[in-house]
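Read the structure below first, then the notes.
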Amino acid sequence: MANIEKVLLLDAVDPKCGEVLQEAGIAVTTRGKLTKEQLIHELTEHDAVVVRSATRITEEALAGGGRLRVIGRAGTGVDNIDVKAATRKGVLVMNTPGGNTLSAAEHTCAMVCALSRFLPQACAALKEGRWDRKTYLGSELHGKTLAIVGLGRIGREVAKRMQAFGMTTIGYDPMIPADVTAGWGVESLSLEALWPRADYITVHTPLLPHTKNLIGEKVFSVCKPGVRVVNVARGGIVDEAALLKALDSGVCGGAALDVFVEEPPTDLTLCKHPKVICTPHLGANTVEAQRRVALEIAQQIVDMSKGRPLTGIVNAPALTNASSEAFKPWIEMAQALGYLANHLSKPADTPALTITLDLYGSEASKMDAFLGSAVLVGLLKGMTQNGINLVNAPLLAQEQGVTLSVKSHPGDLPSVAAAGPDALQVKVTRGLNTHVLIGNAASGQATLYGLDGCVWDSGLTLGRNMLFFSALPTASPLAAIATQLLAERAAVTSLLSSAPTKKEVWHVARTEEAVALPCGIPGTRLMAQVTF
């Protein structure tokens with residue numbers, strides 16, 4: 001559960017967004033266009049911000065720190081948000097990928113129809129007093145082939161609608177098996193096989209390094225003469241210079257563009273081309289879509305504040321269920337094990353750490369998506385200047401030279417029966433030093449059951465101030481530990497020992513306040529002093 005008390009609404013987000021938030025007891029601030037300085041200030045004063053596409057949330061905008069925890073995008077694309085900078089700051093980025101699906105699909109279909117019959121050009125000519133039927137001789141869509149690049153929600157809806165016109169639909173999506181697309185009436189092809197068959201091409205992918213300028217000179221060179229291109233996705237997927245060249249040469253018979261590399265475009269050469277139909281990024285610009293995405297992003301923020309499962313997480317999708325109250329004790333358990341593991345792993349010749357997290361039991365295995373991040377949160381506490389949370393822990397761990405692997409096991413942990421049917425085992429290695437910690441949270445509290453082969457049958461609750469001593473199994477240092485702590489005027493609340501192994505036994509003292517022992521205790525090694 002996240003404490004979301006105050007949300008900033010920008011870019012004229014539909015008022016329904018604010019209404020839903022206020023009904024949930026969350027305060028709302030609505031602002032118009034902000035300067036860079038104003039935006040930085042406002043972000044420090046709010047727990048969440050909701051934007052459409054106009055406001056750019058940059059690394060500089062996030063540098064002010066403050067209380068910001070969530071950036072909500074009322075829409076799909078997040079290219080106006082520096083997702084990596086948000087992740088580094090531990091700020092969750094959420095979008096509403098399904099909210100504008102129908103509007104974007106309908107706009108795409110309208111563009112295809114308009115291309116086939118020169119509707120905008122013919123309309124403009126008639127308004128200028130020209131009755132010009134010959135110039136605007138169109139062509140039927142029936143029997144033509146539509147190539148759809150990207151068969152997600154929007155691509156599928158486009159296919160369904162254009163099939164009603166009698167078009168053959170072919171497509172490319174590396175994430176969706178061919179037998180699945182066949183069920184939608186779409187033949188799945190490689191890109192190389194797709195281009196030569198297309199009469200019309202429409203793209204429905206995000207703008208990524210491998211999709212930038214996806215349709216360029218090389219693609220036009222293998223397409224049918226007169227192929228027509230539609231882009232209602234993101235500017236930059238179609239190479240604008242190559243498109244202009246193809247239009248001029250006749251290689252491309254027409255283009256319908258709703259998005260551009262620069263928005264609004266300052267160079268209108270492409271927009272003014274007689275074979276181009278253009279609209280000012282209207283794909284999701286319907287009353288229904290704007291209301292739908294506003295409601296969805298508001299509900300996602302409310303769900304986060306209430307500890308419900310989340311949807312639309314962009315930069316940490318593994319956290320979809322992490323906000324559930326039922327998982328909170330396990331997250332705290334994993335963090336505590338990571339924190340203790342870091343204290344036990346004294347600096348070695350190499351600062352690099354290797355972590356292996358094993359999850360045992362059916363319940364613990366359900367949490368494999370986020371318990372690894374929770375271990376990293378505990379491990380990195382104090383190791384970096386950035387605030388650590390489940391969002392940024394994997395990125396910051398990577399930068400610190402920490403590697404993590406997570407494995408799930410449906411059965412019980414065989415070595416420590418006392419840990420119960422569900423348990424976490426954390427193995428941390430730094431240089432030549434390795435420690436293995438075992439715990440669970442079945443009681444609702446972080447409880448340690450095993451450390452380097454030594455076991456506490458009744459468990460050791462992790463919390464407050466604890467000192468971990470290692471000793472030979474033949475030693476009896478409890479009296480010496482208690483005496484030394486009392487000499488430091490430490491109020492000892494408990495002193496517990498593990499069952500011994502042939503090699504060692506662990507003794508753990510818990511004190512009311514943190515205490516620093518000035519010297520060693522005969523027969524023991526002080527391995528860690530931890531304040532949880």
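We name chains A, B, ... following the order of the structure tokens; residues begin at 1 in each chain, and ligands are numbered from 1 as shown.
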Residue contacts of A:Thr181 (12 Å, only C-alpha atoms) excluding same-chain residues fewer than 6 positions away, as a compact mmCIF listing (two decimals) with all heavy atoms, in the first residue's frame:
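Below you can see around-v9.txt, which holds the result:
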```
# COMPACT_ATOMS: atom_id res chain seq x y z
N ILE A 148 -0.33 -5.31 -41.15
CA ILE A 148 -0.41 -4.69 -39.83
C ILE A 148 0.86 -5.04 -39.06
O ILE A 148 1.10 -6.21 -38.75
CB ILE A 148 -1.65 -5.18 -39.05
CG1 ILE A 148 -2.92 -4.94 -39.89
CG2 ILE A 148 -1.76 -4.48 -37.70
CD1 ILE A 148 -4.15 -5.60 -39.32
N GLY A 150 2.51 -4.99 -35.72
CA GLY A 150 2.14 -4.85 -34.32
C GLY A 150 0.70 -5.30 -34.12
O GLY A 150 -0.23 -4.61 -34.51
N LEU A 151 0.52 -6.47 -33.52
CA LEU A 151 -0.82 -7.06 -33.38
C LEU A 151 -1.29 -7.06 -31.94
O LEU A 151 -1.86 -8.04 -31.45
CB LEU A 151 -0.82 -8.47 -33.97
CG LEU A 151 -0.65 -8.52 -35.49
CD1 LEU A 151 -0.34 -9.93 -35.95
CD2 LEU A 151 -1.88 -7.98 -36.19
N GLY A 152 -1.02 -5.95 -31.26
CA GLY A 152 -1.55 -5.78 -29.91
C GLY A 152 -3.01 -5.40 -29.97
O GLY A 152 -3.72 -5.70 -30.94
N GLY A 155 -3.87 -3.11 -33.10
CA GLY A 155 -3.69 -3.85 -34.35
C GLY A 155 -4.78 -4.88 -34.57
O GLY A 155 -5.28 -5.05 -35.69
N ARG A 156 -5.17 -5.56 -33.49
CA ARG A 156 -6.23 -6.57 -33.62
C ARG A 156 -7.57 -5.93 -33.97
O ARG A 156 -8.33 -6.47 -34.78
CB ARG A 156 -6.36 -7.36 -32.31
CG ARG A 156 -5.14 -8.22 -32.00
CD ARG A 156 -5.48 -9.30 -31.00
NE ARG A 156 -5.92 -8.79 -29.71
CZ ARG A 156 -5.11 -8.51 -28.70
NH1 ARG A 156 -3.79 -8.66 -28.85
NH2 ARG A 156 -5.58 -8.09 -27.55
N ALA A 159 -7.60 -4.97 -37.60
CA ALA A 159 -7.79 -6.15 -38.44
C ALA A 159 -9.26 -6.55 -38.50
O ALA A 159 -9.81 -6.82 -39.59
CB ALA A 159 -6.95 -7.31 -37.91
N LYS A 160 -9.91 -6.58 -37.36
CA LYS A 160 -11.32 -6.98 -37.30
C LYS A 160 -12.19 -6.07 -38.17
O LYS A 160 -13.04 -6.54 -38.92
CB LYS A 160 -11.79 -6.92 -35.84
CG LYS A 160 -13.22 -7.37 -35.62
CD LYS A 160 -13.70 -7.00 -34.22
CE LYS A 160 -12.82 -7.59 -33.13
NZ LYS A 160 -13.34 -7.27 -31.78
N THR A 169 -5.96 -9.57 -44.35
CA THR A 169 -5.10 -9.01 -43.31
C THR A 169 -3.93 -9.95 -43.04
O THR A 169 -4.10 -11.13 -42.75
CB THR A 169 -5.88 -8.77 -42.01
OG1 THR A 169 -6.62 -9.94 -41.66
CG2 THR A 169 -6.84 -7.61 -42.16
N ILE A 170 -2.73 -9.38 -43.17
CA ILE A 170 -1.50 -10.08 -42.82
C ILE A 170 -0.80 -9.24 -41.75
O ILE A 170 -1.08 -8.04 -41.60
CB ILE A 170 -0.58 -10.29 -44.04
CG1 ILE A 170 -0.20 -8.95 -44.68
CG2 ILE A 170 -1.27 -11.18 -45.07
CD1 ILE A 170 0.77 -9.06 -45.85
N GLY A 171 0.09 -9.86 -40.99
CA GLY A 171 0.69 -9.08 -39.91
C GLY A 171 2.00 -9.62 -39.42
O GLY A 171 2.41 -10.75 -39.74
N TYR A 172 2.66 -8.79 -38.60
CA TYR A 172 3.93 -9.17 -37.98
C TYR A 172 3.88 -8.77 -36.51
O TYR A 172 3.57 -7.62 -36.18
CB TYR A 172 5.11 -8.48 -38.65
CG TYR A 172 6.41 -8.62 -37.87
CD1 TYR A 172 7.15 -9.80 -37.91
CD2 TYR A 172 6.87 -7.57 -37.07
CE1 TYR A 172 8.33 -9.93 -37.19
CE2 TYR A 172 8.05 -7.70 -36.35
CZ TYR A 172 8.78 -8.88 -36.41
OH TYR A 172 9.93 -9.00 -35.68
N ASP A 173 4.16 -9.71 -35.63
CA ASP A 173 4.32 -9.43 -34.20
C ASP A 173 5.13 -10.56 -33.60
O ASP A 173 4.65 -11.69 -33.52
CB ASP A 173 2.97 -9.31 -33.49
CG ASP A 173 3.10 -8.68 -32.11
OD1 ASP A 173 3.99 -9.11 -31.34
OD2 ASP A 173 2.34 -7.74 -31.80
N PRO A 174 6.38 -10.29 -33.20
CA PRO A 174 7.24 -11.37 -32.72
C PRO A 174 6.78 -11.99 -31.41
O PRO A 174 7.26 -13.06 -31.03
CB PRO A 174 8.60 -10.68 -32.56
CG PRO A 174 8.28 -9.23 -32.34
CD PRO A 174 7.06 -8.97 -33.17
N MET A 175 5.85 -11.34 -30.72
CA MET A 175 5.41 -11.83 -29.42
C MET A 175 4.19 -12.74 -29.49
O MET A 175 3.82 -13.36 -28.49
CB MET A 175 5.08 -10.63 -28.50
CG MET A 175 6.21 -9.64 -28.34
SD MET A 175 7.71 -10.39 -27.68
CE MET A 175 7.16 -10.83 -26.03
N GLU A 187 -2.83 -13.55 -41.11
CA GLU A 187 -1.72 -14.44 -41.42
C GLU A 187 -0.42 -13.82 -40.89
O GLU A 187 -0.07 -12.69 -41.24
CB GLU A 187 -1.60 -14.64 -42.93
CG GLU A 187 -0.49 -15.59 -43.34
CD GLU A 187 -0.33 -15.70 -44.84
OE1 GLU A 187 -1.13 -15.08 -45.58
OE2 GLU A 187 0.61 -16.39 -45.29
N SER A 188 0.28 -14.55 -40.06
CA SER A 188 1.52 -14.06 -39.46
C SER A 188 2.69 -14.31 -40.40
O SER A 188 2.89 -15.41 -40.89
CB SER A 188 1.79 -14.74 -38.12
OG SER A 188 2.99 -14.28 -37.54
N LEU A 189 3.46 -13.24 -40.67
CA LEU A 189 4.60 -13.33 -41.57
C LEU A 189 5.81 -12.63 -40.97
O LEU A 189 5.69 -11.81 -40.06
CB LEU A 189 4.26 -12.65 -42.91
CG LEU A 189 3.10 -13.21 -43.72
CD1 LEU A 189 2.77 -12.27 -44.87
CD2 LEU A 189 3.44 -14.60 -44.25
```
Quiz prompt | Surrounding residues of A:Val93 excluding itself and chain neighbours under 6 positions, 9 Å, only C-alpha atoms, as a ChimeraX atom specification | solution = /A:69-73,78,81,83,86-87,312-316
Could the residues in this selection be written to a file with C-alpha atoms, as a PDB file, in the first residue's frame?
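Writing the result to out_25.pdb gives the following:
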```pdb
ATOM      1  CA  ARG A  69       5.904   8.317  -6.099  1.00  0.00           C
ATOM      2  CA  VAL A  70       3.783   7.823  -9.229  1.00  0.00           C
ATOM      3  CA  ILE A  71       3.664   9.248 -12.753  1.00  0.00           C
ATOM      4  CA  GLY A  72       0.381   8.365 -14.424  1.00  0.00           C
ATOM      5  CA  ARG A  73       0.050   8.632 -18.203  1.00  0.00           C
ATOM      6  CA  VAL A  78       5.250   7.234 -22.475  1.00  0.00           C
ATOM      7  CA  ILE A  81       8.323  10.600 -19.732  1.00  0.00           C
ATOM      8  CA  VAL A  83      11.168   6.291 -17.679  1.00  0.00           C
ATOM      9  CA  ALA A  86      11.860   7.871 -12.960  1.00  0.00           C
ATOM     10  CA  THR A  87      13.005   4.325 -12.231  1.00  0.00           C
ATOM     11  CA  GLY A 312      -0.456  -0.670 -16.402  1.00  0.00           C
ATOM     12  CA  ILE A 313       2.942  -0.577 -14.673  1.00  0.00           C
ATOM     13  CA  VAL A 314       5.544   0.477 -17.232  1.00  0.00           C
ATOM     14  CA  ASN A 315       8.883   0.426 -15.402  1.00  0.00           C
ATOM     15  CA  ALA A 316       8.334  -2.406 -12.911  1.00  0.00           C
TER      16      ALA A 316
END
```
Residues within 8 Å of stretch 395-409 of chain A, only C-alpha atoms, excluding chain neighbours under 2 positions, as a short mmCIF file (atom, residue, chain, number, x, y, z; two decimals) with N, CA and C atoms, in the first residue's frame:
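This is the output file out.cif:
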```cif
data_model
loop_
_atom_site.label_atom_id
_atom_site.label_comp_id
_atom_site.auth_asym_id
_atom_site.auth_seq_id
_atom_site.Cartn_x
_atom_site.Cartn_y
_atom_site.Cartn_z
N THR A 87 12.63 5.59 -12.89
CA THR A 87 13.01 4.33 -12.23
C THR A 87 14.14 4.55 -11.24
N ARG A 88 15.16 5.30 -11.65
CA ARG A 88 16.28 5.57 -10.77
C ARG A 88 15.84 6.28 -9.49
N PRO A 351 34.04 -5.69 -4.44
CA PRO A 351 32.76 -5.26 -3.89
C PRO A 351 31.57 -5.99 -4.50
N ALA A 352 31.82 -6.75 -5.58
CA ALA A 352 30.73 -7.40 -6.28
C ALA A 352 30.05 -8.44 -5.39
N LEU A 353 28.74 -8.46 -5.45
CA LEU A 353 27.94 -9.40 -4.68
C LEU A 353 27.13 -10.28 -5.62
N THR A 354 27.01 -11.55 -5.27
CA THR A 354 26.16 -12.46 -6.01
C THR A 354 25.09 -12.97 -5.05
N ILE A 355 23.83 -12.81 -5.44
CA ILE A 355 22.71 -13.21 -4.59
C ILE A 355 21.92 -14.29 -5.30
N THR A 356 21.62 -15.36 -4.58
CA THR A 356 20.70 -16.38 -5.06
C THR A 356 19.54 -16.47 -4.09
N LEU A 357 18.34 -16.27 -4.60
CA LEU A 357 17.13 -16.36 -3.78
C LEU A 357 16.35 -17.59 -4.21
N ASP A 358 16.15 -18.50 -3.27
CA ASP A 358 15.35 -19.70 -3.52
C ASP A 358 14.06 -19.58 -2.74
N LEU A 359 12.93 -19.78 -3.43
CA LEU A 359 11.61 -19.69 -2.81
C LEU A 359 11.04 -21.10 -2.73
N TYR A 360 10.68 -21.52 -1.53
CA TYR A 360 10.16 -22.87 -1.32
C TYR A 360 8.69 -22.80 -0.91
N GLY A 361 7.90 -23.72 -1.45
CA GLY A 361 6.49 -23.79 -1.11
C GLY A 361 5.62 -23.08 -2.13
N SER A 362 4.37 -23.48 -2.20
CA SER A 362 3.47 -22.95 -3.23
C SER A 362 3.17 -21.48 -3.04
N SER A 365 6.36 -19.25 -3.76
CA SER A 365 6.70 -19.28 -5.18
C SER A 365 5.85 -18.31 -5.99
N ASP A 368 7.62 -14.79 -6.71
CA ASP A 368 8.96 -14.74 -7.32
C ASP A 368 9.19 -13.47 -8.14
N GLY A 372 12.66 -10.92 -5.14
CA GLY A 372 14.07 -10.65 -5.46
C GLY A 372 14.38 -9.18 -5.33
N LEU A 376 16.94 -7.06 -2.69
CA LEU A 376 17.87 -6.02 -3.12
C LEU A 376 17.64 -4.71 -2.37
N LEU A 380 20.78 -3.10 -0.46
CA LEU A 380 21.35 -1.82 -0.88
C LEU A 380 21.14 -0.69 0.12
N ASN A 392 13.26 0.86 -8.08
CA ASN A 392 14.61 1.16 -8.58
C ASN A 392 15.68 0.19 -8.11
N ALA A 393 15.35 -0.71 -7.19
CA ALA A 393 16.36 -1.62 -6.64
C ALA A 393 17.09 -2.44 -7.71
N GLY A 411 8.09 -27.56 -3.63
CA GLY A 411 8.12 -28.32 -2.40
C GLY A 411 8.68 -27.55 -1.22
N ASP A 412 8.71 -28.23 -0.04
CA ASP A 412 9.23 -27.62 1.18
C ASP A 412 10.75 -27.55 1.12
#
```
Quiz prompt | Minimum-distance residue to A:Leu92, chosen among A:Leu282, A:Pro209, A:Ala242, A:Asn389 (using only C-alpha atoms) | solution = A:Asn389
Self-check item: Exercise: A:Asp11 partners within 12 Å, only C-alpha atoms, chain neighbours under 5 positions left out, as a list in words
Solution: Thr30, Arg31, Gly32, Lys33, Leu34, Val49, Val50, Val51, Arg52, Ser53, Ala54, Thr55, Arg56, Gly72, Arg73, Ala74, Gly75, Gln290 and Ala294 of chain A
Practice problem: Write out as a list in words all residues of stretch 163-299 of chain A that DSSP puts in strand (DSSP E) for this structure's backbone. | Solution: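 Everything in stretch 163-299 of chain A that counts as strand (DSSP E) is Thr168, Thr169, Ile170, Gly171, Tyr172, Val186, Glu187, Ser188, Tyr200, Ile201, Thr202, Val203, Val227, Arg228, Val229, Val230, Asn231, Cys252, Gly253, Gly254, Ala255, Ala256, Leu257, Val276, Ile277 and Cys278 of chain A.
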Practice problem: Name all residues at most 10 Å from A:Ala490 (count only C-alpha atoms; drop same-chain ones fewer than 3 positions away) and give them as a count of residues only. | Solution: 15
Practice problem: Could you tell me which of A:His204, A:Arg197, A:Arg430, A:His107 comes closest to A:Arg161 if we count only C-alpha atoms? | Solution: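 Closest to A:Arg161, using only C-alpha atoms: A:His107.
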Quiz item: Which residues, written as JSON, numbers by chain, have at least one atom at most 6 Å from stretch 214-216 of chain A, with only C-alpha atoms counted and residues fewer than 2 positions away on the same chain left out?
Solution: {"A": [211, 212, 218, 219, 237, 238, 239, 242]}
I need the chosen residues saved as a compact mmCIF listing (two decimals), in the first residue's frame, with N, CA and C atoms.
```
# COMPACT_ATOMS: atom_id res chain seq x y z
N THR A 211 12.48 0.04 -33.71
CA THR A 211 11.36 0.42 -34.58
C THR A 211 11.54 1.82 -35.16
N LYS A 212 12.57 2.54 -34.73
CA LYS A 212 12.81 3.87 -35.29
C LYS A 212 13.17 3.73 -36.77
N LYS A 218 14.75 1.16 -47.65
CA LYS A 218 14.92 -0.27 -47.90
C LYS A 218 13.57 -0.97 -48.02
N VAL A 219 12.63 -0.60 -47.15
CA VAL A 219 11.30 -1.21 -47.19
C VAL A 219 10.56 -0.80 -48.46
N ILE A 237 8.53 6.12 -36.53
CA ILE A 237 8.49 4.73 -36.99
C ILE A 237 8.61 4.70 -38.51
N VAL A 238 7.99 5.69 -39.15
CA VAL A 238 8.15 5.87 -40.59
C VAL A 238 9.19 6.96 -40.82
N ASP A 239 10.21 6.64 -41.59
CA ASP A 239 11.27 7.59 -41.93
C ASP A 239 10.65 8.69 -42.81
N ALA A 242 12.49 9.47 -46.15
CA ALA A 242 12.33 8.38 -47.13
C ALA A 242 10.90 8.35 -47.67
```
Quiz item: So which bits of stretch 64-227 of chain A end up helix (DSSP H, G or I) when you DSSP the backbone, as a ChimeraX atom specification?
Solution: /A:83-88,101-117,119-127,153-163,178-183,191-197,217-220
Any chance you could export the current selection's C-alpha atoms as a PDB file, in the first residue's frame?
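Output below, filename part14.pdb:
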```
ATOM      1  CA  VAL A  83      11.168   6.291 -17.679  1.00  0.00           C
ATOM      2  CA  LYS A  84      14.778   5.449 -16.777  1.00  0.00           C
ATOM      3  CA  ALA A  85      15.157   8.631 -14.712  1.00  0.00           C
ATOM      4  CA  ALA A  86      11.860   7.871 -12.960  1.00  0.00           C
ATOM      5  CA  THR A  87      13.005   4.325 -12.231  1.00  0.00           C
ATOM      6  CA  ARG A  88      16.283   5.574 -10.771  1.00  0.00           C
ATOM      7  CA  THR A 101      -7.717   1.229 -28.193  1.00  0.00           C
ATOM      8  CA  LEU A 102     -11.049   1.696 -29.947  1.00  0.00           C
ATOM      9  CA  SER A 103     -10.484   5.359 -30.793  1.00  0.00           C
ATOM     10  CA  ALA A 104      -7.025   4.713 -32.244  1.00  0.00           C
ATOM     11  CA  ALA A 105      -8.305   1.719 -34.222  1.00  0.00           C
ATOM     12  CA  GLU A 106     -11.241   3.679 -35.611  1.00  0.00           C
ATOM     13  CA  HIS A 107      -8.976   6.574 -36.586  1.00  0.00           C
ATOM     14  CA  THR A 108      -6.672   4.146 -38.387  1.00  0.00           C
ATOM     15  CA  CYS A 109      -9.558   2.632 -40.306  1.00  0.00           C
ATOM     16  CA  ALA A 110     -10.828   6.103 -41.211  1.00  0.00           C
ATOM     17  CA  MET A 111      -7.365   6.959 -42.540  1.00  0.00           C
ATOM     18  CA  VAL A 112      -7.293   3.810 -44.691  1.00  0.00           C
ATOM     19  CA  CYS A 113     -10.713   4.620 -46.133  1.00  0.00           C
ATOM     20  CA  ALA A 114      -9.765   8.252 -46.761  1.00  0.00           C
ATOM     21  CA  LEU A 115      -6.566   7.168 -48.540  1.00  0.00           C
ATOM     22  CA  SER A 116      -8.451   4.854 -50.863  1.00  0.00           C
ATOM     23  CA  ARG A 117     -10.914   7.561 -52.007  1.00  0.00           C
ATOM     24  CA  LEU A 119     -11.654  12.153 -49.318  1.00  0.00           C
ATOM     25  CA  PRO A 120      -9.841  15.132 -47.727  1.00  0.00           C
ATOM     26  CA  GLN A 121      -8.395  16.271 -51.085  1.00  0.00           C
ATOM     27  CA  ALA A 122     -11.747  15.986 -52.863  1.00  0.00           C
ATOM     28  CA  CYS A 123     -13.487  17.834 -50.024  1.00  0.00           C
ATOM     29  CA  ALA A 124     -10.940  20.664 -50.142  1.00  0.00           C
ATOM     30  CA  ALA A 125     -11.256  20.927 -53.949  1.00  0.00           C
ATOM     31  CA  LEU A 126     -15.028  21.202 -53.840  1.00  0.00           C
ATOM     32  CA  LYS A 127     -14.856  23.869 -51.143  1.00  0.00           C
ATOM     33  CA  ARG A 153      -4.907  -4.387 -28.848  1.00  0.00           C
ATOM     34  CA  ILE A 154      -5.094  -1.699 -31.547  1.00  0.00           C
ATOM     35  CA  GLY A 155      -3.689  -3.849 -34.347  1.00  0.00           C
ATOM     36  CA  ARG A 156      -6.227  -6.573 -33.617  1.00  0.00           C
ATOM     37  CA  GLU A 157      -9.141  -4.132 -33.630  1.00  0.00           C
ATOM     38  CA  VAL A 158      -7.966  -2.662 -36.935  1.00  0.00           C
ATOM     39  CA  ALA A 159      -7.792  -6.151 -38.440  1.00  0.00           C
ATOM     40  CA  LYS A 160     -11.318  -6.981 -37.299  1.00  0.00           C
ATOM     41  CA  ARG A 161     -12.783  -3.807 -38.813  1.00  0.00           C
ATOM     42  CA  MET A 162     -10.912  -3.892 -42.117  1.00  0.00           C
ATOM     43  CA  GLN A 163     -11.813  -7.553 -42.645  1.00  0.00           C
ATOM     44  CA  ALA A 178       1.073 -17.660 -35.727  1.00  0.00           C
ATOM     45  CA  ASP A 179      -1.716 -19.999 -34.600  1.00  0.00           C
ATOM     46  CA  VAL A 180      -3.077 -17.257 -32.334  1.00  0.00           C
ATOM     47  CA  THR A 181      -3.089 -14.589 -35.060  1.00  0.00           C
ATOM     48  CA  ALA A 182      -4.729 -17.083 -37.411  1.00  0.00           C
ATOM     49  CA  GLY A 183      -7.657 -17.166 -35.004  1.00  0.00           C
ATOM     50  CA  LEU A 191       8.785  -8.520 -42.078  1.00  0.00           C
ATOM     51  CA  GLU A 192      10.693  -9.599 -45.147  1.00  0.00           C
ATOM     52  CA  ALA A 193       7.695 -11.589 -46.389  1.00  0.00           C
ATOM     53  CA  LEU A 194       5.191  -8.939 -45.313  1.00  0.00           C
ATOM     54  CA  TRP A 195       6.330  -5.911 -47.315  1.00  0.00           C
ATOM     55  CA  PRO A 196       6.014  -7.265 -50.887  1.00  0.00           C
ATOM     56  CA  ARG A 197       2.421  -8.421 -50.329  1.00  0.00           C
ATOM     57  CA  GLU A 217      14.049   3.411 -48.237  1.00  0.00           C
ATOM     58  CA  LYS A 218      14.919  -0.271 -47.904  1.00  0.00           C
ATOM     59  CA  VAL A 219      11.300  -1.215 -47.190  1.00  0.00           C
ATOM     60  CA  PHE A 220       9.889   0.963 -49.992  1.00  0.00           C
TER      61      PHE A 220
END
```
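Distance check against A:Lys134 using only C-alpha atoms: of A:Leu268, A:Val259, A:Lys36, A:Phe118, the minimum falls on A:Phe118.
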Quiz item: Between atom CA of A:Cys454 and atom CA of A:Lys381, what is the distance, to one decimal in Å?
Solution: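 Straight-line distance from atom CA of A:Cys454 to atom CA of A:Lys381 works out to 25.6 Å.
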Self-check item: Counting only C-alpha atoms, the residue of A:Thr447, A:Thr429, A:Thr524, A:Gln529 that sits nearest A:Leu478
Solution: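 Counting only C-alpha atoms, the residue closest to A:Leu478 is A:Thr524.
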Quiz prompt | Top pick for closest residue to A:Trp330, considering A:Gly444, A:Gly453, A:Gly66, A:Gly459 and counting only C-alpha atoms | solution = A:Gly444
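Distance annotation: of A:Lys427, A:Lys503, A:Arg489, A:Arg291, the residue with the minimal separation from A:Ala471 is A:Lys503; atom set is only C-alpha atoms.
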